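Shown next: run19.pdb, containing PDB, C-alpha atoms.
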```pdb
ATOM      1  CA  MET M  12    -112.699 122.712   7.733
ATOM      2  CA  ALA M  13    -110.854 119.408   7.430
ATOM      3  CA  THR M  14    -107.174 118.922   8.120
ATOM      4  CA  GLU M  15    -105.041 120.258   5.269
ATOM      5  CA  ILE M  16    -101.547 119.193   4.234
ATOM      6  CA  TRP M  17     -99.308 121.121   1.870
ATOM      7  CA  ASN M  18     -95.766 120.623   0.638
ATOM      8  CA  TYR M  19     -94.225 124.042   1.114
ATOM      9  CA  GLN M  20     -92.161 123.658  -2.060
ATOM     10  CA  ASP M  21     -95.364 123.498  -4.100
ATOM     11  CA  LYS M  22     -96.458 126.821  -2.607
ATOM     12  CA  ILE M  23     -93.287 128.864  -3.142
ATOM     13  CA  GLU M  24     -94.002 131.952  -5.208
ATOM     14  CA  PHE M  25     -91.616 134.892  -5.345
ATOM     15  CA  SER M  26     -92.560 138.376  -6.503
ATOM     16  CA  LYS M  27     -90.102 140.796  -8.078
ATOM     17  CA  GLU M  28     -92.112 143.639  -6.537
ATOM     18  CA  LYS M  29     -91.972 142.823  -2.843
ATOM     19  CA  ALA M  30     -91.816 140.162  -0.162
ATOM     20  CA  ASN M  31     -94.551 137.727  -1.147
ATOM     21  CA  LYS M  32     -97.103 136.279   1.257
ATOM     22  CA  VAL M  33     -98.723 133.014   0.172
ATOM     23  CA  GLN M  34    -101.721 132.090   2.294
ATOM     24  CA  LEU M  35    -101.887 128.481   3.472
ATOM     25  CA  GLY M  36    -104.752 128.129   5.940
ATOM     26  CA  GLU M  37    -106.800 130.238   8.298
ATOM     27  CA  THR M  38    -109.148 129.417  11.148
ATOM     28  CA  ALA M  39    -110.605 131.389  14.047
ATOM     29  CA  ASN M  40    -107.477 130.453  16.056
ATOM     30  CA  SER M  41    -104.577 130.765  13.636
ATOM     31  CA  ARG M  42    -103.328 131.945  10.275
ATOM     32  CA  SER M  43    -100.613 129.999   8.437
ATOM     33  CA  THR M  44     -98.633 131.699   5.692
ATOM     34  CA  LEU M  45     -95.577 130.999   3.540
ATOM     35  CA  TRP M  46     -93.349 134.054   3.133
ATOM     36  CA  CYS M  47     -91.064 134.160   0.063
ATOM     37  CA  LEU M  48     -88.406 136.888  -0.161
ATOM     38  CA  LEU M  49     -85.906 137.394  -2.945
ATOM     39  CA  PRO M  50     -82.407 138.648  -2.035
ATOM     40  CA  GLY M  51     -82.677 142.259  -0.852
ATOM     41  CA  GLN M  52     -86.391 142.102  -0.034
ATOM     42  CA  HIS M  53     -87.556 142.776   3.496
ATOM     43  CA  ILE M  54     -90.491 143.001   5.878
ATOM     44  CA  HIS M  55     -90.374 146.103   8.066
ATOM     45  CA  PRO M  56     -90.608 145.443  11.794
ATOM     46  CA  HIS M  57     -94.249 145.503  12.851
ATOM     47  CA  VAL M  58     -96.375 144.412  15.786
ATOM     48  CA  HIS M  59     -99.395 142.106  16.034
ATOM     49  CA  ALA M  60    -101.876 141.447  18.792
ATOM     50  CA  GLY M  61    -101.041 137.725  18.696
ATOM     51  CA  ASP M  62     -97.901 135.599  18.711
ATOM     52  CA  HIS M  63     -95.958 134.945  15.554
ATOM     53  CA  ILE M  64     -93.968 131.740  15.108
ATOM     54  CA  TRP M  65     -91.626 131.415  12.134
ATOM     55  CA  VAL M  66     -89.981 128.256  10.831
ATOM     56  CA  VAL M  67     -87.233 129.070   8.311
ATOM     57  CA  LEU M  68     -87.071 126.486   5.519
ATOM     58  CA  GLU M  69     -84.689 127.991   2.947
ATOM     59  CA  GLY M  70     -82.144 130.772   2.786
ATOM     60  CA  GLU M  71     -80.715 133.180   5.309
ATOM     61  CA  GLY M  72     -81.415 136.670   6.521
ATOM     62  CA  GLU M  73     -81.489 139.117   9.388
ATOM     63  CA  PHE M  74     -84.272 139.126  11.937
ATOM     64  CA  LEU M  75     -85.213 142.723  12.704
ATOM     65  CA  GLN M  76     -86.660 144.072  15.918
ATOM     66  CA  GLU M  77     -87.111 147.717  16.839
ATOM     67  CA  GLY M  78     -84.346 148.947  19.118
ATOM     68  CA  LEU M  79     -82.244 145.790  18.813
ATOM     69  CA  GLU M  80     -79.350 144.731  16.597
ATOM     70  CA  PRO M  81     -80.286 142.438  13.691
ATOM     71  CA  THR M  82     -79.939 138.719  14.425
ATOM     72  CA  SER M  83     -78.776 136.244  11.759
ATOM     73  CA  ILE M  84     -81.289 133.537  10.934
ATOM     74  CA  SER M  85     -81.102 130.733   8.399
ATOM     75  CA  ALA M  86     -82.813 127.494   7.401
ATOM     76  CA  GLY M  87     -83.542 125.533  10.565
ATOM     77  CA  ALA M  88     -84.333 128.551  12.737
ATOM     78  CA  VAL M  89     -87.559 128.513  14.751
ATOM     79  CA  LEU M  90     -88.554 131.904  16.091
ATOM     80  CA  LEU M  91     -91.266 132.885  18.564
ATOM     81  CA  ALA M  92     -92.216 136.568  18.689
ATOM     82  CA  PRO M  93     -94.842 136.869  21.422
ATOM     83  CA  ALA M  94     -97.789 139.235  21.155
ATOM     84  CA  GLY M  95     -96.615 142.848  21.190
ATOM     85  CA  ASP M  96     -92.987 142.171  20.159
ATOM     86  CA  SER M  97     -92.015 143.793  16.872
ATOM     87  CA  HIS M  98     -90.637 141.504  14.177
ATOM     88  CA  GLY M  99     -89.355 141.923  10.667
ATOM     89  CA  VAL M 100     -86.778 140.376   8.380
ATOM     90  CA  ASN M 101     -84.303 141.277   5.677
ATOM     91  CA  ASN M 102     -83.159 138.758   3.089
ATOM     92  CA  SER M 103     -79.462 139.548   3.307
ATOM     93  CA  GLY M 104     -78.483 136.285   1.598
ATOM     94  CA  SER M 105     -77.851 135.382  -2.011
ATOM     95  CA  GLN M 106     -80.830 133.048  -2.475
ATOM     96  CA  GLY M 107     -84.534 133.047  -1.743
ATOM     97  CA  LEU M 108     -85.612 133.214   1.898
ATOM     98  CA  VAL M 109     -88.651 131.033   2.602
ATOM     99  CA  PHE M 110     -90.377 130.577   5.943
ATOM    100  CA  VAL M 111     -93.680 129.457   7.379
ATOM    101  CA  SER M 112     -95.325 132.053   9.614
ATOM    102  CA  ILE M 113     -98.057 131.086  12.041
ATOM    103  CA  SER M 114     -99.976 133.739  13.904
ATOM    104  CA  ALA M 115    -101.871 132.705  16.997
ATOM    105  CA  GLY M 116    -104.174 134.721  19.254
TER     106      GLY M 116
ATOM    107  CA  MET U  16     -91.095 137.205  27.431
ATOM    108  CA  ALA U  17     -88.750 138.408  24.705
ATOM    109  CA  THR U  18     -88.571 136.962  21.209
ATOM    110  CA  GLU U  19     -86.745 133.633  21.204
ATOM    111  CA  ILE U  20     -84.868 131.989  18.355
ATOM    112  CA  TRP U  21     -83.771 128.361  18.292
ATOM    113  CA  ASN U  22     -82.073 126.194  15.709
ATOM    114  CA  TYR U  23     -84.191 123.066  15.678
ATOM    115  CA  GLN U  24     -81.133 120.861  15.150
ATOM    116  CA  ASP U  25     -79.778 121.970  18.532
ATOM    117  CA  LYS U  26     -83.017 120.832  20.171
ATOM    118  CA  ILE U  27     -83.361 117.353  18.640
ATOM    119  CA  GLU U  28     -83.528 114.722  21.348
ATOM    120  CA  PHE U  29     -84.780 111.211  20.678
ATOM    121  CA  SER U  30     -85.918 108.788  23.357
ATOM    122  CA  LYS U  31     -85.710 105.010  23.002
ATOM    123  CA  GLU U  32     -88.824 104.766  25.186
ATOM    124  CA  LYS U  33     -91.354 106.788  23.202
ATOM    125  CA  ALA U  34     -92.017 109.701  20.875
ATOM    126  CA  ASN U  35     -90.173 112.590  22.514
ATOM    127  CA  LYS U  36     -91.626 116.062  23.006
ATOM    128  CA  VAL U  37     -89.073 118.859  23.416
ATOM    129  CA  GLN U  38     -90.643 122.098  24.605
ATOM    130  CA  LEU U  39     -89.561 125.253  22.773
ATOM    131  CA  GLY U  40     -91.731 128.148  23.923
ATOM    132  CA  GLU U  41     -95.101 128.761  25.505
ATOM    133  CA  THR U  42     -97.249 131.849  25.899
ATOM    134  CA  ALA U  43    -100.912 132.466  26.694
ATOM    135  CA  ASN U  44    -101.614 132.181  22.929
ATOM    136  CA  SER U  45     -99.462 129.307  21.696
ATOM    137  CA  ARG U  46     -97.269 126.371  22.560
ATOM    138  CA  SER U  47     -94.321 125.481  20.302
ATOM    139  CA  THR U  48     -92.836 122.013  20.531
ATOM    140  CA  LEU U  49     -90.283 119.889  18.647
ATOM    141  CA  TRP U  50     -91.419 116.281  18.259
ATOM    142  CA  CYS U  51     -88.697 113.635  17.712
ATOM    143  CA  LEU U  52     -89.740 110.086  16.768
ATOM    144  CA  LEU U  53     -87.432 107.169  16.089
ATOM    145  CA  PRO U  54     -88.460 104.661  13.391
ATOM    146  CA  GLY U  55     -91.521 102.719  14.567
ATOM    147  CA  GLN U  56     -92.540 105.280  17.202
ATOM    148  CA  HIS U  57     -95.937 106.916  16.995
ATOM    149  CA  ILE U  58     -98.371 109.405  18.483
ATOM    150  CA  HIS U  59    -101.901 108.006  18.757
ATOM    151  CA  PRO U  60    -104.594 110.144  17.149
ATOM    152  CA  HIS U  61    -105.953 112.607  19.685
ATOM    153  CA  VAL U  62    -107.964 115.810  19.767
ATOM    154  CA  HIS U  63    -107.226 119.269  21.176
ATOM    155  CA  ALA U  64    -109.400 122.276  21.802
ATOM    156  CA  GLY U  65    -107.107 124.424  19.619
ATOM    157  CA  ASP U  66    -105.524 124.177  16.169
ATOM    158  CA  HIS U  67    -102.337 122.230  15.627
ATOM    159  CA  ILE U  68     -99.909 123.198  12.873
ATOM    160  CA  TRP U  69     -97.024 120.867  12.060
ATOM    161  CA  VAL U  70     -93.963 121.650   9.966
ATOM    162  CA  VAL U  71     -92.031 118.473   9.104
ATOM    163  CA  LEU U  72     -88.277 119.077   9.061
ATOM    164  CA  GLU U  73     -86.725 115.601   8.803
ATOM    165  CA  GLY U  74     -87.861 112.104   7.916
ATOM    166  CA  GLU U  75     -91.097 110.622   6.728
ATOM    167  CA  GLY U  76     -94.170 109.004   8.217
ATOM    168  CA  GLU U  77     -97.898 108.488   8.118
ATOM    169  CA  PHE U  78    -100.330 111.112   9.329
ATOM    170  CA  LEU U  79    -103.109 109.394  11.273
ATOM    171  CA  GLN U  80    -106.662 110.578  11.671
ATOM    172  CA  GLU U  81    -109.546 108.605  13.156
ATOM    173  CA  GLY U  82    -111.782 107.106  10.486
ATOM    174  CA  LEU U  83    -109.467 108.026   7.602
ATOM    175  CA  GLU U  84    -106.709 106.240   5.720
ATOM    176  CA  PRO U  85    -103.156 107.215   6.737
ATOM    177  CA  THR U  86    -101.579 109.965   4.618
ATOM    178  CA  SER U  87     -97.871 109.970   3.757
ATOM    179  CA  ILE U  88     -95.952 112.990   5.019
ATOM    180  CA  SER U  89     -92.281 113.838   4.744
ATOM    181  CA  ALA U  90     -89.832 116.714   5.236
ATOM    182  CA  GLY U  91     -91.401 119.824   3.716
ATOM    183  CA  ALA U  92     -94.973 119.022   4.704
ATOM    184  CA  VAL U  93     -96.980 121.711   6.488
ATOM    185  CA  LEU U  94    -100.131 120.417   8.137
ATOM    186  CA  LEU U  95    -103.036 122.274   9.736
ATOM    187  CA  ALA U  96    -105.346 120.238  11.970
ATOM    188  CA  PRO U  97    -108.078 122.641  13.089
ATOM    189  CA  ALA U  98    -109.567 122.503  16.576
ATOM    190  CA  GLY U  99    -111.514 119.280  17.093
ATOM    191  CA  ASP U 100    -109.827 117.279  14.288
ATOM    192  CA  SER U 101    -107.974 114.226  15.513
ATOM    193  CA  HIS U 102    -104.317 113.949  14.563
ATOM    194  CA  GLY U 103    -101.515 111.480  15.140
ATOM    195  CA  VAL U 104     -98.450 110.189  13.351
ATOM    196  CA  ASN U 105     -96.459 107.030  12.834
ATOM    197  CA  ASN U 106     -92.780 107.106  11.919
ATOM    198  CA  SER U 107     -92.946 104.534   9.137
ATOM    199  CA  GLY U 108     -89.580 105.607   7.715
ATOM    200  CA  SER U 109     -86.050 104.405   8.312
ATOM    201  CA  GLN U 110     -84.717 107.584   9.961
ATOM    202  CA  GLY U 111     -85.778 109.975  12.694
ATOM    203  CA  LEU U 112     -88.968 111.976  12.132
ATOM    204  CA  VAL U 113     -88.684 115.548  13.402
ATOM    205  CA  PHE U 114     -91.346 118.219  13.257
ATOM    206  CA  VAL U 115     -92.295 121.486  14.880
ATOM    207  CA  SER U 116     -95.781 121.493  16.362
ATOM    208  CA  ILE U 117     -97.557 124.730  17.187
ATOM    209  CA  SER U 118    -100.810 124.698  19.070
ATOM    210  CA  ALA U 119    -102.977 127.778  18.926
ATOM    211  CA  GLY U 120    -106.222 128.574  20.692
TER     212      GLY U 120
END
```
How does this structure look as structure tokens?
Amino acid sequence: MATEIWNYQDKIEFSKEKANKVQLGETANSRSTLWCLLPGQHIHPHVHAGDHIWVVLEGEGEFLQEGLEPTSISAGAVLLAPAGDSHGVNNSGSQGLVFVSISAG
Amino acid sequence: MATEIWNYQDKIEFSKEKANKVQLGETANSRSTLWCLLPGQHIHPHVHAGDHIWVVLEGEGEFLQEGLEPTSISAGAVLLAPAGDSHGVNNSGSQGLVFVSISAG
């Protein structure tokens, strides 16, 4: 595949049903996704074989990890959950929570 | 390592000498970096074995790829350069250019 460039704002798509995952690009090495959560929506903590890196672009919420207290995150946060670490998020704010998620490995 | 969370604004560090690379986190699967370029600074097009994903957080510039015309990028751009694709950037704007770079694979 060739290099691809998106503007994340063009890809934002919320769902009233659940946290919405918009696929950006995927290769053998990585998967890039835009997550869009309305206020009150969440992703339950879960574990992957690879790393997950999140870059929060809009909104605020609570980062969730099994056995730990929630941690506040907001636009500007960059988060690295290494392989095997659980990670989830709750949109505890009053606006949409939008972040890029990259999984690697 | 445990999950790490940064605010990218706390990590911004420009250098008058050259495009500045601020390391965030590194595992066996990925390397996460914050690139900070003053106006006029650039990264020559180069190739890696793995994918590179960029998330532009501040500023504007030209994405450079060997053999292709430059492409304008600005805050909000998400870019996926798969393994083997050359990629570079020129800060052609009037303010600092700041982006997260994640290499995978």
- [ ] Tell me the residues of chain U close to chain M, meaning within 10 Å using all atoms listed in the file, as a ChimeraX atom specification.
- [x] /U:16-25,39-47,49,65-72,78,80,86-102,115,117-120
Open item on the list: Excluding Gly72 (chain M) and its own-chain neighbours fewer than 3 positions away, which residues fall within 10 Å of it when counting all atoms listed in the file? Please give them as an MDAnalysis selection string.
Closed with: chainID M and resid 48 50:53 67 69 75 81:86 100:109
For the point (-86.0, 109.9, 22.2) in file coordinates, what residues are within 10 Å, counting all atoms listed in the file? Give the answer as a PDB file with C-alpha atoms, keeping the file's coordinate frame?
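What ended up in out03.pdb:
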```pdb
ATOM      1  CA  ILE U  27     -83.361 117.353  18.640  1.00  0.00           C
ATOM      2  CA  GLU U  28     -83.528 114.722  21.348  1.00  0.00           C
ATOM      3  CA  PHE U  29     -84.780 111.211  20.678  1.00  0.00           C
ATOM      4  CA  SER U  30     -85.918 108.788  23.357  1.00  0.00           C
ATOM      5  CA  LYS U  31     -85.710 105.010  23.002  1.00  0.00           C
ATOM      6  CA  GLU U  32     -88.824 104.766  25.186  1.00  0.00           C
ATOM      7  CA  LYS U  33     -91.354 106.788  23.202  1.00  0.00           C
ATOM      8  CA  ALA U  34     -92.017 109.701  20.875  1.00  0.00           C
ATOM      9  CA  ASN U  35     -90.173 112.590  22.514  1.00  0.00           C
ATOM     10  CA  LYS U  36     -91.626 116.062  23.006  1.00  0.00           C
ATOM     11  CA  VAL U  37     -89.073 118.859  23.416  1.00  0.00           C
ATOM     12  CA  TRP U  50     -91.419 116.281  18.259  1.00  0.00           C
ATOM     13  CA  CYS U  51     -88.697 113.635  17.712  1.00  0.00           C
ATOM     14  CA  LEU U  52     -89.740 110.086  16.768  1.00  0.00           C
ATOM     15  CA  LEU U  53     -87.432 107.169  16.089  1.00  0.00           C
ATOM     16  CA  GLN U  56     -92.540 105.280  17.202  1.00  0.00           C
ATOM     17  CA  GLY U 111     -85.778 109.975  12.694  1.00  0.00           C
TER      18      GLY U 111
END
```
Open item on the list: As an exercise, work out the distance from CA of Val58 (chain M) to CA of Lys26 (chain U) in Å and give it to one decimal place.
Closed with: 27.5 Å
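CA of His63 (chain U) lies 19.3 Å from CA of Glu77 (chain U).
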Axis-aligned box for region 35-53 of chain U, 4 Å per side, centre and edges in Å as AutoDock Vina command-line options:
```
--center_x -94.5 --center_y 119.8 --center_z 21.4 --size_x 22.2 --size_y 33.3 --size_z 18.6
```
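For the atom pair formed by CA of Glu84 (chain U) and CA of Ser112 (chain M), the distance is 28.5 Å, given to one decimal.
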